[in-house]
$ cat target_32.tsv   # TSV, C-alpha atoms
chain	number	residue	atom	x	y	z
A	163	MET	CA	7.73	15.65	10.73
A	164	ARG	CA	11.44	15.25	11.41
A	165	ASP	CA	12.27	15.87	7.75
A	166	ASN	CA	16.00	15.18	7.50
A	167	GLY	CA	16.34	16.35	3.89
A	168	SER	CA	16.15	12.83	2.47
A	169	GLU	CA	14.61	12.42	-0.94
A	170	CYS	CA	12.43	9.60	0.47
A	171	LEU	CA	10.11	10.50	3.33
A	172	MET	CA	7.76	7.50	3.28
A	173	THR	CA	7.37	3.87	2.38
A	174	VAL	CA	4.45	2.91	0.15
A	175	ASP	CA	2.88	-0.50	-0.30
A	176	GLY	CA	-0.40	-2.02	-1.35
A	177	THR	CA	-2.39	-4.40	0.79
A	178	ASP	CA	-5.29	-6.61	-0.24
A	179	PHE	CA	-8.39	-7.57	1.72
A	180	ARG	CA	-10.67	-10.46	0.84
A	181	ILE	CA	-14.28	-9.80	-0.13
A	182	HIS	CA	-17.29	-11.94	-0.96
A	183	GLU	CA	-17.35	-12.98	-4.62
A	184	PRO	CA	-19.23	-10.26	-6.53
A	185	MET	CA	-21.97	-11.37	-8.90
A	186	PRO	CA	-21.63	-11.76	-11.78
A	187	PHE	CA	-18.10	-13.18	-11.63
A	188	SER	CA	-15.38	-10.86	-12.94
A	189	GLN	CA	-11.57	-11.09	-13.05
A	190	VAL	CA	-11.30	-7.39	-12.09
A	191	TRP	CA	-11.62	-8.40	-8.42
A	192	TYR	CA	-9.03	-11.20	-8.46
A	193	SER	CA	-6.22	-10.84	-5.91
A	194	HIS	CA	-3.12	-12.95	-6.59
A	195	LYS	CA	-2.28	-12.63	-2.88
A	196	HIS	CA	-5.49	-14.38	-1.79
A	197	CYS	CA	-6.31	-16.32	-4.98
A	198	GLY	CA	-9.78	-14.84	-4.85
A	199	PRO	CA	-11.69	-11.56	-4.95
A	200	GLY	CA	-10.38	-8.59	-3.03
A	201	LEU	CA	-10.01	-4.86	-2.55
A	202	ARG	CA	-6.61	-3.17	-2.64
A	203	TYR	CA	-5.51	-0.13	-0.65
A	204	GLU	CA	-2.30	1.87	-0.93
A	205	ILE	CA	-0.73	2.82	2.39
A	206	GLY	CA	2.08	5.30	3.02
A	207	VAL	CA	4.11	5.25	6.24
A	208	CYS	CA	6.44	8.05	7.38
A	209	ILE	CA	9.99	6.68	7.56
A	210	GLN	CA	11.01	9.00	10.41
A	211	MET	CA	7.93	8.61	12.64
A	212	GLY	CA	6.36	5.29	11.63
A	213	TRP	CA	2.92	6.87	11.30
A	214	ILE	CA	0.39	6.17	8.57
A	215	VAL	CA	0.44	9.34	6.46
A	216	TRP	CA	-1.34	8.20	3.28
A	217	VAL	CA	-4.29	5.94	2.54
A	218	ASN	CA	-5.74	5.49	-0.93
A	219	GLY	CA	-8.42	3.07	-2.07
A	220	PRO	CA	-10.19	0.77	-2.37
A	221	TYR	CA	-9.51	-0.55	-5.86
A	222	PRO	CA	-10.45	-3.88	-7.44
A	223	CYS	CA	-7.30	-6.00	-7.10
A	224	GLY	CA	-7.32	-7.41	-10.62
A	225	ASP	CA	-7.66	-4.10	-12.41
A	226	PHE	CA	-5.21	-2.02	-10.37
A	227	PRO	CA	-1.63	-3.15	-9.74
A	228	ASP	CA	0.32	-1.25	-7.08
A	229	LEU	CA	2.24	0.90	-9.58
A	230	GLU	CA	-0.93	2.07	-11.34
A	231	ILE	CA	-2.53	3.11	-8.05
A	232	PHE	CA	0.62	5.08	-7.18
A	233	ARG	CA	0.56	6.88	-10.52
A	234	LEU	CA	-3.12	7.82	-10.18
A	235	TYR	CA	-2.73	10.13	-7.16
A	236	LEU	CA	0.32	9.98	-4.92
A	237	LYS	CA	2.91	10.54	-7.64
A	238	ASP	CA	1.37	13.93	-8.46
A	239	LEU	CA	1.53	14.99	-4.80
A	240	LEU	CA	5.29	14.45	-4.43
A	241	ARG	CA	7.55	17.50	-4.46
A	242	ASP	CA	10.21	17.94	-7.14
A	243	GLY	CA	12.97	15.42	-6.50
A	244	GLU	CA	10.98	13.57	-3.83
A	245	ARG	CA	10.70	9.79	-4.08
A	246	VAL	CA	9.12	6.99	-2.07
A	247	GLU	CA	10.56	3.69	-0.83
A	248	THR	CA	8.71	0.64	-2.17
A	249	ASP	CA	9.09	-3.05	-2.81
A	250	GLU	CA	9.90	-4.47	-6.24
A	251	GLY	CA	6.21	-4.49	-7.25
A	252	TYR	CA	6.49	-0.79	-7.98
A	253	SER	CA	9.61	-0.79	-10.16
A	254	GLY	CA	9.53	1.20	-13.36
A	255	ASP	CA	9.00	4.78	-12.19
A	256	MET	CA	11.59	7.47	-11.40
A	257	SER	CA	9.59	8.59	-8.32
A	258	ILE	CA	10.16	5.20	-6.74
A	259	ARG	CA	13.24	3.77	-5.07
A	260	THR	CA	13.41	-0.01	-4.87
A	261	THR	CA	16.00	-2.41	-3.48
A	262	SER	CA	17.64	-2.76	-6.90
A	263	ASP	CA	18.62	0.94	-6.65
A	264	PHE	CA	21.06	-0.01	-3.87
A	265	GLU	CA	23.28	-2.47	-5.72
A	266	GLY	CA	26.50	-2.88	-3.72
A	267	ASN	CA	25.47	-0.57	-0.86
A	268	ARG	CA	24.91	-2.82	2.15
A	269	ASP	CA	24.08	-0.03	4.65
A	270	TRP	CA	21.32	1.38	2.43
A	271	LYS	CA	19.86	-2.08	1.92
A	272	ILE	CA	19.71	-2.61	5.69
A	273	MET	CA	18.00	0.75	6.29
A	274	LYS	CA	15.55	0.04	3.46
A	275	ALA	CA	14.79	-3.42	4.88
A	276	CYS	CA	14.05	-1.90	8.31
A	277	ALA	CA	11.69	0.71	6.83
A	278	MET	CA	9.85	-1.84	4.72
A	279	ALA	CA	9.62	-4.32	7.62
A	280	ARG	CA	7.91	-1.63	9.70
A	281	HIS	CA	5.52	-1.04	6.82
A	282	GLU	CA	4.69	-4.76	6.56
A	283	MET	CA	4.06	-4.83	10.32
A	284	ILE	CA	1.51	-2.03	9.90
A	285	ASN	CA	-0.15	-3.96	7.06
A	286	GLY	CA	-0.38	-6.91	9.44
A	287	LEU	CA	-1.94	-4.77	12.16
A	288	PHE	CA	-4.91	-4.10	9.86
A	289	LYS	CA	-5.52	-7.82	9.70
A	290	ARG	CA	-5.69	-8.09	13.49
A	291	PHE	CA	-9.16	-6.63	13.19
A	292	ASN	CA	-11.38	-9.61	12.43
A	293	ILE	CA	-13.52	-7.64	10.01
A	294	LEU	CA	-10.45	-7.22	7.76
A	295	SER	CA	-8.80	-10.58	8.36
A	296	TYR	CA	-11.73	-12.67	7.12
A	297	VAL	CA	-13.84	-12.43	3.98
A	298	TYR	CA	-15.77	-9.16	4.13
A	299	ARG	CA	-19.41	-9.93	3.34
A	300	GLY	CA	-20.92	-6.51	3.96
A	301	ASN	CA	-21.70	-3.76	1.49
A	302	ARG	CA	-18.55	-3.42	-0.67
A	303	ASP	CA	-19.19	0.31	-1.07
A	304	LYS	CA	-18.78	0.79	2.70
A	305	HIS	CA	-15.56	-1.21	3.11
A	306	TYR	CA	-13.47	1.97	2.90
A	307	LEU	CA	-15.27	3.41	5.97
A	308	ILE	CA	-14.13	0.49	8.09
A	309	PHE	CA	-10.63	0.57	6.64
A	310	HIS	CA	-10.21	4.32	7.23
A	311	ALA	CA	-11.56	4.06	10.79
A	312	ILE	CA	-9.01	1.33	11.57
A	313	ALA	CA	-6.22	3.35	9.91
A	314	CYS	CA	-7.04	6.30	12.18
$ encode --input "target_32.tsv" --output "structure tokens"
Amino acid sequence: MRDNGSECLMTVDGTDFRIHEPMPFSQVWYSHKHCGPGLRYEIGVCIQMGWIVWVNGPYPCGDFPDLEIFRLYLKDLLRDGERVETDEGYSGDMSIRTTSDFEGNRDWKIMKACAMARHEMINGLFKRFNILSYVYRGNRDKHYLIFHAIAC
């Protein structure tokens, strides 16, 4: 909606949610953000509207960095020449535009900062729901149902 011809139509970022330590212990669940086990989701937000337009996950935090999750699905769905705005955790792919792409362009950096701040606010809204802000102790295979319901 409101496509203005820009090559970037959405911001993309990963967000981690804490889970109960799976047994047996495995590093594949380790989230550096929480210093413990977690599930990671990739969220895309429309720059023009501020709506959540993409949700992908969950993935074990330790096995799937943000860039790898992006390359698994979303990258293949982008149109020719289309890119996404991300933070520095995604650098290293031509389909991604990070802050370092704006060296010397103050206006672009400000617009990028506004778009990413809105995205971080949406990530924070997920954590307003107690079930996602504390350690999730339910069935790990059903976590995505709760996450998707909250995203809607």
$ residues_around --input "target_32.tsv" --residues "segment 173-184 of chain A" --least-positions-apart "3" --cutoff "8 Å" --atoms "all atoms listed in the file" --output "number ranges by chain"
A: 170, 187-188, 193, 195-196, 198-209, 223, 228, 246-249, 277-278, 281, 285, 294-299, 302
$ residues_around --input "target_32.tsv" --residues "Leu236 of chain A" --least-positions-apart "2" --cutoff "12 Å" --atoms "all atoms listed in the file" --output "number ranges by chain"
A: 172-175, 204-206, 215-219, 228-234, 238-241, 244-246, 257-258
$ atom_distance --input "target_32.tsv" --atom1 "atom CA of Cys197 of chain A" --atom2 "atom CA of Pro222 of chain A"
13.3 Å
$ residues_around --input "target_32.tsv" --residues "Cys314 of chain A" --least-positions-apart "2" --cutoff "12 Å" --atoms "only C-alpha atoms" --output "list in words"
Trp213, Ile214, Val215, Trp216, Val217, Phe288, Leu307, Ile308, Phe309, His310, Ala311 and Ile312 of chain A
$ write_last_selection --input "target_32.tsv" --atoms "C-alpha atoms" --output "JSON list (two decimals), keeping the file's coordinate frame"
[["chain", "number", "residue", "atom", "x", "y", "z"],
["A", 213, "TRP", "CA", 2.92, 6.87, 11.30],
["A", 214, "ILE", "CA", 0.39, 6.17, 8.57],
["A", 215, "VAL", "CA", 0.44, 9.34, 6.46],
["A", 216, "TRP", "CA", -1.34, 8.20, 3.28],
["A", 217, "VAL", "CA", -4.29, 5.94, 2.54],
["A", 288, "PHE", "CA", -4.91, -4.10, 9.86],
["A", 307, "LEU", "CA", -15.27, 3.41, 5.97],
["A", 308, "ILE", "CA", -14.13, 0.49, 8.09],
["A", 309, "PHE", "CA", -10.63, 0.57, 6.64],
["A", 310, "HIS", "CA", -10.21, 4.32, 7.23],
["A", 311, "ALA", "CA", -11.56, 4.06, 10.79],
["A", 312, "ILE", "CA", -9.01, 1.33, 11.57]]
$ closest_residue --input "target_32.tsv" --among "A:Gly243, A:Asp303, A:Glu250, A:Asn292" --to "Ser168 of chain A" --atoms "all atoms listed in the file"
A:Gly243
$ atom_distance --input "target_32.tsv" --atom1 "atom CA of Trp191 of chain A" --atom2 "atom CA of Tyr221 of chain A"
8.5 Å
$ closest_residue --input "target_32.tsv" --among "A:Leu287, A:Met185, A:Ala275, A:Met256" --to "Ala313 of chain A" --atoms "only C-alpha atoms"
A:Leu287
$ closest_residue --input "target_32.tsv" --among "A:Arg268, A:Leu171, A:Phe226, A:Lys289" --to "Met211 of chain A" --atoms "only C-alpha atoms"
A:Leu171
$ atom_distance --input "target_32.tsv" --atom1 "atom CA of Tyr306 of chain A" --atom2 "atom CA of Tyr235 of chain A"
16.8 Å
$ residues_around --input "target_32.tsv" --residues "Arg280 of chain A" --least-positions-apart "4" --cutoff "8 Å" --atoms "only C-alpha atoms" --output "list in words"
Gly212, Cys276 and Ile284 of chain A
